[in-house]
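Pasted below: coords.tsv, TSV, C-alpha atoms and all ligand atoms.
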chain	number	residue	atom	x	y	z
A	30	MET	CA	0.00	0.00	0.00
A	31	SER	CA	1.22	3.50	-0.75
A	32	THR	CA	2.37	5.76	2.08
A	33	ARG	CA	-0.37	8.03	3.46
A	34	HIS	CA	0.45	11.67	4.16
A	35	PHE	CA	-1.49	14.44	5.93
A	36	LEU	CA	-0.76	17.67	4.06
A	37	THR	CA	-4.32	18.98	4.07
A	38	LEU	CA	-7.61	17.72	5.50
A	39	ASN	CA	-8.42	16.40	2.02
A	40	ASP	CA	-5.82	13.64	2.41
A	41	LEU	CA	-8.26	11.75	4.63
A	42	SER	CA	-11.84	10.86	3.71
A	43	PRO	CA	-14.67	12.36	5.78
A	44	GLN	CA	-15.13	8.96	7.41
A	45	GLU	CA	-11.42	8.64	8.25
A	46	LEU	CA	-11.45	12.15	9.75
A	47	GLN	CA	-14.40	11.18	11.98
A	48	GLU	CA	-12.46	8.06	13.01
A	49	VAL	CA	-9.41	10.15	13.98
A	50	VAL	CA	-11.54	12.61	16.00
A	51	GLN	CA	-13.33	9.81	17.87
A	52	ARG	CA	-10.01	8.07	18.51
A	53	ALA	CA	-8.58	11.35	19.85
A	54	ILE	CA	-11.41	11.48	22.41
A	55	GLU	CA	-10.63	7.87	23.38
A	56	LEU	CA	-6.86	8.46	23.65
A	57	LYS	CA	-7.56	11.49	25.86
A	58	ARG	CA	-9.67	9.35	28.20
A	59	MET	CA	-6.90	6.72	28.33
A	60	GLN	CA	-4.33	9.40	29.12
A	61	TYR	CA	-6.52	10.87	31.90
A	62	GLU	CA	-6.99	7.42	33.42
A	63	GLY	CA	-3.25	6.80	33.41
A	64	GLU	CA	-3.57	3.85	31.04
A	65	LEU	CA	-0.16	3.06	29.55
A	66	TYR	CA	-0.41	2.69	25.77
A	67	GLU	CA	2.95	2.34	24.02
A	68	PRO	CA	2.30	0.89	20.56
A	69	PHE	CA	5.20	2.72	18.90
A	70	LYS	CA	8.21	1.70	20.99
A	71	ASN	CA	11.47	2.48	19.19
A	72	GLN	CA	9.65	4.44	16.50
A	73	VAL	CA	10.99	7.90	15.69
A	74	MET	CA	9.39	11.09	14.43
A	75	ALA	CA	11.53	13.76	12.75
A	76	MET	CA	10.14	17.24	13.47
A	77	ILE	CA	11.35	19.88	11.01
A	78	PHE	CA	10.59	23.42	12.18
A	79	GLU	CA	11.36	26.38	9.90
A	80	LYS	CA	9.01	28.59	11.97
A	81	ALA	CA	8.50	29.07	15.71
A	82	SER	CA	6.10	26.89	17.72
A	83	THR	CA	4.97	26.13	21.24
A	84	ARG	CA	1.86	23.93	20.95
A	85	THR	CA	2.89	21.99	17.87
A	86	ARG	CA	6.32	21.06	19.13
A	87	VAL	CA	5.22	20.18	22.65
A	88	SER	CA	2.22	18.14	21.49
A	89	PHE	CA	4.08	16.08	18.89
A	90	GLU	CA	7.07	15.51	21.16
A	91	ALA	CA	4.95	14.60	24.20
A	92	GLY	CA	2.68	12.44	22.03
A	93	MET	CA	5.53	10.36	20.64
A	94	ALA	CA	7.01	9.94	24.13
A	95	GLN	CA	3.64	8.80	25.52
A	96	PHE	CA	3.40	6.28	22.67
A	97	GLY	CA	6.76	4.83	23.76
A	98	GLY	CA	8.57	6.38	20.80
A	99	HIS	CA	10.86	9.32	20.28
A	100	ALA	CA	10.67	12.70	18.54
A	101	MET	CA	13.68	14.53	17.13
A	102	PHE	CA	13.66	18.32	16.76
A	103	LEU	CA	15.40	19.57	13.62
A	104	SER	CA	15.84	23.26	12.84
A	105	PRO	CA	17.26	24.65	9.60
A	106	ARG	CA	19.85	26.46	11.73
A	107	ASP	CA	21.52	23.20	12.62
A	108	THR	CA	20.80	20.99	9.60
A	109	GLN	CA	21.90	21.02	5.98
A	110	LEU	CA	18.34	22.06	5.05
A	111	GLY	CA	19.31	25.56	6.13
A	112	ARG	CA	22.37	25.43	3.86
A	113	GLY	CA	20.40	24.62	0.74
A	114	GLU	CA	20.46	20.82	0.54
A	115	PRO	CA	17.59	19.97	-1.83
A	116	ILE	CA	14.28	19.03	-0.18
A	117	SER	CA	14.16	15.87	-2.31
A	118	ASP	CA	17.56	14.64	-1.07
A	119	SER	CA	16.72	15.57	2.53
A	120	ALA	CA	13.41	13.69	2.28
A	121	ARG	CA	15.07	10.52	0.95
A	122	VAL	CA	17.72	10.57	3.66
A	123	ILE	CA	15.56	11.53	6.66
A	124	SER	CA	12.74	9.14	5.74
A	125	SER	CA	15.24	6.28	5.43
A	126	MET	CA	16.04	6.65	9.14
A	127	VAL	CA	12.75	7.56	10.85
A	128	ASP	CA	9.16	6.27	10.82
A	129	ILE	CA	7.23	9.51	10.37
A	130	VAL	CA	8.03	13.16	9.61
A	131	MET	CA	6.37	16.41	10.66
A	132	ILE	CA	7.18	19.70	8.90
A	133	ARG	CA	6.36	23.33	9.72
A	134	THR	CA	7.51	25.63	6.95
A	135	PHE	CA	6.61	28.59	4.75
A	136	SER	CA	5.61	27.40	1.27
A	137	HIS	CA	3.13	24.53	1.02
A	138	ALA	CA	5.08	23.37	-2.04
A	139	VAL	CA	7.92	22.37	0.33
A	140	VAL	CA	5.81	19.82	2.24
A	141	GLU	CA	4.44	18.51	-1.06
A	142	GLU	CA	7.95	18.12	-2.44
A	143	PHE	CA	9.13	16.45	0.77
A	144	ALA	CA	6.17	14.04	0.74
A	145	ARG	CA	6.81	13.11	-2.90
A	146	HIS	CA	10.29	11.91	-1.96
A	147	SER	CA	9.54	10.48	1.48
A	148	SER	CA	9.17	6.74	2.09
A	149	VAL	CA	7.30	7.41	5.38
A	150	PRO	CA	4.18	9.46	6.26
A	151	VAL	CA	4.59	13.25	6.24
A	152	ILE	CA	2.43	15.56	8.37
A	153	ASN	CA	1.93	19.25	7.58
A	154	ALA	CA	2.39	21.04	10.90
A	155	LEU	CA	1.57	24.45	9.31
A	156	THR	CA	2.48	26.13	6.06
A	157	ASP	CA	1.62	29.60	4.79
A	158	GLU	CA	-1.38	27.97	3.10
A	159	PHE	CA	-2.81	25.37	5.55
A	160	HIS	CA	-2.81	24.22	9.19
A	161	PRO	CA	-4.71	20.90	9.12
A	162	CYS	CA	-3.48	19.54	12.50
A	163	GLN	CA	-5.13	22.47	14.24
A	164	LEU	CA	-8.44	21.57	12.60
A	165	LEU	CA	-8.29	18.03	14.00
A	166	ALA	CA	-8.01	19.53	17.49
A	167	ASP	CA	-10.76	22.06	16.77
A	168	MET	CA	-13.12	19.38	15.46
A	169	GLN	CA	-12.38	17.19	18.48
A	170	THR	CA	-13.09	20.14	20.79
A	171	PHE	CA	-16.40	20.92	19.09
A	172	ALA	CA	-17.42	17.25	19.24
A	173	GLU	CA	-16.63	17.13	22.98
A	174	GLN	CA	-18.41	20.39	23.76
A	175	ARG	CA	-21.40	20.31	21.44
A	176	GLY	CA	-21.57	16.97	19.57
A	177	SER	CA	-21.76	16.75	15.78
A	178	ILE	CA	-20.81	19.84	13.78
A	179	GLN	CA	-22.64	18.58	10.69
A	180	GLY	CA	-25.12	21.14	9.40
A	181	LYS	CA	-24.01	23.79	11.92
A	182	THR	CA	-22.86	27.32	11.06
A	183	VAL	CA	-19.27	28.36	11.84
A	184	ALA	CA	-18.05	31.97	11.66
A	185	TRP	CA	-14.44	32.78	10.79
A	186	ILE	CA	-13.63	36.40	11.72
A	187	GLY	CA	-10.48	38.13	10.42
A	188	ASP	CA	-7.69	37.17	8.05
A	189	GLY	CA	-8.29	34.72	5.20
A	190	ASN	CA	-5.07	32.95	6.19
A	191	ASN	CA	-3.77	29.36	6.55
A	192	MET	CA	-6.22	28.61	9.38
A	193	CYS	CA	-9.10	30.04	7.37
A	194	SER	CA	-8.18	27.84	4.39
A	195	SER	CA	-8.15	24.78	6.61
A	196	TYR	CA	-11.59	25.81	7.93
A	197	ILE	CA	-12.79	25.92	4.32
A	198	ASN	CA	-11.54	22.35	3.81
A	199	ALA	CA	-13.17	21.36	7.10
A	200	ALA	CA	-16.51	22.86	6.01
A	201	CYS	CA	-16.50	20.41	3.14
A	202	GLN	CA	-15.04	17.39	4.99
A	203	PHE	CA	-17.12	17.80	8.18
A	204	ASP	CA	-20.17	19.16	6.34
A	205	PHE	CA	-20.87	22.56	7.92
A	206	GLN	CA	-21.60	26.06	6.65
A	207	LEU	CA	-18.72	28.56	6.98
A	208	ASN	CA	-19.23	32.33	7.07
A	209	VAL	CA	-15.96	34.22	6.64
A	210	ALA	CA	-15.93	37.91	7.62
A	211	CYS	CA	-12.80	39.72	6.45
A	212	PRO	CA	-11.80	43.19	5.24
A	213	GLU	CA	-11.29	43.83	1.54
A	214	GLY	CA	-7.94	42.53	0.33
A	215	PHE	CA	-7.68	39.84	3.05
A	216	GLU	CA	-10.05	37.25	1.59
A	217	PRO	CA	-9.19	33.54	1.62
A	218	ASP	CA	-7.78	31.98	-1.55
A	219	ALA	CA	-10.32	32.63	-4.33
A	220	GLU	CA	-9.93	29.22	-5.97
A	221	LEU	CA	-10.48	27.43	-2.68
A	222	VAL	CA	-13.59	29.51	-1.98
A	223	GLN	CA	-14.86	28.83	-5.50
A	224	ALA	CA	-14.27	25.10	-5.19
A	225	ASN	CA	-16.30	25.05	-1.94
A	226	ALA	CA	-18.87	27.67	-2.91
A	227	ASP	CA	-21.75	25.58	-1.58
A	228	ARG	CA	-20.23	25.58	1.93
A	229	VAL	CA	-18.49	28.98	2.20
A	230	LYS	CA	-19.76	32.57	2.17
A	231	VAL	CA	-17.33	35.50	2.23
A	232	LEU	CA	-18.83	38.54	3.95
A	233	ARG	CA	-17.60	41.89	5.26
A	234	ASP	CA	-19.70	42.28	8.40
A	235	PRO	CA	-18.67	40.22	11.48
A	236	VAL	CA	-22.16	40.62	12.99
A	237	GLU	CA	-23.74	39.15	9.86
A	238	ALA	CA	-21.16	36.32	9.87
A	239	VAL	CA	-21.81	35.23	13.47
A	240	LYS	CA	-25.60	35.16	13.09
A	241	ASP	CA	-26.77	31.63	14.02
A	242	ALA	CA	-23.12	30.48	14.38
A	243	SER	CA	-22.51	27.65	16.86
A	244	LEU	CA	-18.76	28.23	16.65
A	245	VAL	CA	-16.89	31.53	16.27
A	246	VAL	CA	-13.19	31.37	15.39
A	247	THR	CA	-10.43	33.88	14.85
A	248	ASP	CA	-6.64	34.04	14.55
A	249	VAL	CA	-3.88	36.65	14.58
A	250	TRP	CA	-4.03	39.48	12.05
A	251	ALA	CA	-0.38	39.06	11.03
A	252	SER	CA	0.81	35.47	10.68
A	253	MET	CA	4.38	34.22	10.97
A	254	GLY	CA	6.34	35.72	8.09
A	255	GLN	CA	4.12	38.84	7.94
A	256	GLU	CA	5.62	40.65	10.91
A	257	GLU	CA	6.52	43.74	8.88
A	258	GLU	CA	2.84	44.15	7.86
A	259	GLN	CA	1.71	44.27	11.52
A	260	GLN	CA	0.87	48.01	11.61
A	261	GLN	CA	-0.89	48.11	8.27
A	262	ARG	CA	-2.88	45.02	9.23
A	263	GLU	CA	-3.91	46.49	12.61
A	264	GLN	CA	-5.55	49.32	10.66
A	265	ALA	CA	-7.15	47.07	8.06
A	266	PHE	CA	-8.62	44.72	10.69
A	267	ALA	CA	-9.96	47.35	13.10
A	268	GLY	CA	-13.60	46.36	13.56
A	269	TYR	CA	-12.84	42.64	13.30
A	270	GLN	CA	-12.14	42.02	16.97
A	271	VAL	CA	-13.96	39.10	18.59
A	272	SER	CA	-15.39	40.04	21.99
A	273	PRO	CA	-18.08	38.77	24.36
A	274	ALA	CA	-20.37	41.42	22.79
A	275	LEU	CA	-19.86	39.90	19.32
A	276	MET	CA	-20.42	36.40	20.79
A	277	ASP	CA	-23.79	37.68	22.09
A	278	ARG	CA	-24.84	38.07	18.44
A	279	ALA	CA	-24.05	34.39	17.66
A	280	ALA	CA	-26.28	31.39	18.44
A	281	GLU	CA	-27.25	30.84	22.07
A	282	GLU	CA	-24.99	27.77	22.39
A	283	ALA	CA	-22.02	29.36	20.56
A	284	ILE	CA	-18.47	28.61	21.65
A	285	PHE	CA	-15.27	30.47	20.77
A	286	MET	CA	-11.98	29.03	19.49
A	287	HIS	CA	-8.54	30.48	18.73
A	288	CYS	CA	-5.58	28.34	17.70
A	289	LEU	CA	-3.27	30.53	19.85
A	290	PRO	CA	-0.98	32.36	20.32
A	291	ALA	CA	-3.49	35.20	20.75
A	292	HIS	CA	-3.00	38.94	20.80
A	293	ARG	CA	-5.35	40.43	23.39
A	294	GLY	CA	-6.50	43.88	22.33
A	295	GLU	CA	-6.11	42.99	18.64
A	296	GLU	CA	-8.09	40.09	17.15
A	297	ILE	CA	-9.67	39.37	20.55
A	298	SER	CA	-10.75	41.69	23.36
A	299	GLU	CA	-8.79	41.57	26.63
A	300	ASP	CA	-11.51	39.45	28.25
A	301	MET	CA	-12.41	37.04	25.41
A	302	LEU	CA	-10.28	34.09	26.55
A	303	ASP	CA	-11.75	34.36	30.06
A	304	ASP	CA	-15.33	34.32	28.79
A	305	PRO	CA	-17.12	31.05	29.66
A	306	ARG	CA	-17.83	30.54	25.94
A	307	SER	CA	-14.10	30.33	25.15
A	308	VAL	CA	-12.75	26.78	24.79
A	309	ALA	CA	-9.34	27.90	23.46
A	310	PHE	CA	-7.34	26.13	26.18
A	311	ASP	CA	-9.18	22.80	25.74
A	312	GLU	CA	-8.58	23.29	22.03
A	313	ALA	CA	-4.84	23.76	22.67
A	314	GLU	CA	-4.66	20.63	24.86
A	315	ASN	CA	-6.48	18.65	22.20
A	316	ARG	CA	-3.56	19.20	19.82
A	317	LEU	CA	-1.89	16.43	21.83
A	318	HIS	CA	-4.75	13.94	21.67
A	319	ALA	CA	-5.77	14.67	18.07
A	320	GLN	CA	-2.21	14.36	16.76
A	321	LYS	CA	-1.69	11.12	18.68
A	322	ALA	CA	-4.77	9.79	16.88
A	323	LEU	CA	-3.33	11.04	13.58
A	324	ILE	CA	0.09	9.46	14.22
A	325	GLU	CA	-1.59	6.17	15.09
A	326	PHE	CA	-3.71	6.37	11.94
A	327	LEU	CA	-0.71	7.04	9.68
A	328	LEU	CA	1.59	4.47	11.31
A	329	THR	CA	-0.91	1.66	11.17
A	330	ARG	CA	-2.21	2.04	7.60
B	401	LIG	N1	-1.62	26.78	17.25
B	401	LIG	C1	-0.34	26.50	16.99
B	401	LIG	O1	-0.01	25.84	15.99
B	401	LIG	O2	0.53	26.94	17.94
B	401	LIG	P1	2.14	26.95	17.86
B	401	LIG	O3	2.51	27.95	16.80
B	401	LIG	O4	2.57	27.35	19.23
B	401	LIG	O5	2.61	25.57	17.49
B	402	LIG	N1	-1.98	32.00	11.23
B	402	LIG	C1	-0.99	31.80	12.24
B	402	LIG	C2	-1.24	30.52	12.98
B	402	LIG	C3	-0.26	30.22	14.08
B	402	LIG	C4	-0.51	28.91	14.77
B	402	LIG	C5	0.39	31.79	11.61
B	402	LIG	O1	0.56	31.20	10.53
B	402	LIG	O2	1.30	32.40	12.17

In structure tokens, write the structure found in this file.
Amino acid sequence: MSTRHFLTLNDLSPQELQEVVQRAIELKRMQYEGELYEPFKNQVMAMIFEKASTRTRVSFEAGMAQFGGHAMFLSPRDTQLGRGEPISDSARVISSMVDIVMIRTFSHAVVEEFARHSSVPVINALTDEFHPCQLLADMQTFAEQRGSIQGKTVAWIGDGNNMCSSYINAACQFDFQLNVACPEGFEPDAELVQANADRVKVLRDPVEAVKDASLVVTDVWASMGQEEEQQQREQAFAGYQVSPALMDRAAEEAIFMHCLPAHRGEEISEDMLDDPRSVAFDEAENRLHAQKALIEFLLTR
């Protein structure tokens, strides 16, 4: 059988995604009950980070350790990747020594190129275009808090960035309606929106977007790699802050998510993460459980 990768949510079928989410809930229960589960003894994950990370690194590294395996942190500063060794050569070499690879980088084309030349599963741990691992955690969190997301309305407020694109994929794969509210010039990828036109609406008004929404989500206004646009973006996104007052305009049972790190006073109000409707810290913890379910899925196919 050919090696399975996880570069976007579309690499798994809707049914497989449901399986992973349900398994994540089960692995979390096992972890809470102190049940030892070490199916991947002596197995190694290579973690290639070309951008900063807290949650992604800690969750993958802890997850592999809990599975009885090992995770190896590789930064371009200390590897030949940073000195221009071709991705294809690096992929052949690294995948000949480890069992699974995780990459966080800039261009999505890099993870695609790596996967093409890798003999073991490759996981996209964030590119400029997509952040599918975060969506597994978000979908797990929604399932735990509110049950099935199928047929529900989700509001994405702010930048049409990598997280937004993964929400568009999720709208299709998990079968929900997505309202995106963003300022002009910061829309999600037009082709992706077009391809999912039956599931996604792009709006300007955050209040209109959150109407009837069971889940409201936002993210930073300037993503990694866009630091020099910070000031210009702060101006463009004024009016797109998520606050308890905006949540009051959503559905009665609405919850709030943010992949973190968050900038209080920018995309969220100072008090948003302390609001009882915020599940952002459960969401962060679920990175661990959801990615363990993903690793198990990929290593046992
Ligand atoms: N949400 C997320 O991916 O966080 P890190 O950048 O800390 O990994
Ligand atoms: N959109 C953000 C997500 C960080 C987890 C970024 O790419 O920096």

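Between Ser136 in chain A and the candidates A:Ser252, A:Thr83, A:Thr182, A:Thr156, the tightest atom-to-atom separation, counting all atoms listed in the file, involves A:Thr156.
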
Separation of CA of Lys230 in chain A and CA of Ala319 in chain A, in Å? 27.7 Å

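Residues of protein, DNA or RNA lying at most 6 Å from ligand LIG 401 (chain B), when all atoms listed in the file are considered, are Ser82, Thr83, Arg84, Thr85, Cys288 and Leu289 of chain A.
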
Which polymer residues have any atom within 9 Å of an atom of Leu103 in chain A, counting all atoms listed in the file, with same-chain residues fewer than 2 positions away left out, as a ChimeraX atom specification? /A:75-79,101,105-108

To one decimal place in Å, what is the distance between CA of Val222 in chain A and CA of Ala184 in chain A? 14.6 Å

Protein and nucleic residues near ligand LIG 402 (chain B), 10 Å, all atoms listed in the file, as a ChimeraX atom specification: /A:80-85,133-135,154-160,163,188-193,247-256,287-291

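Among A:Gln206, A:Ser104, A:Gln51, A:Ser147, the residue with the shortest atom-to-atom distance to Gln169 in chain A, counting all atoms listed in the file, is A:Gln51.
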
Go through A:Leu323, A:Ile186, A:Leu36, A:Val231 and flag the residue nearest Met276 in chain A, using only C-alpha atoms for the distances. A:Ile186
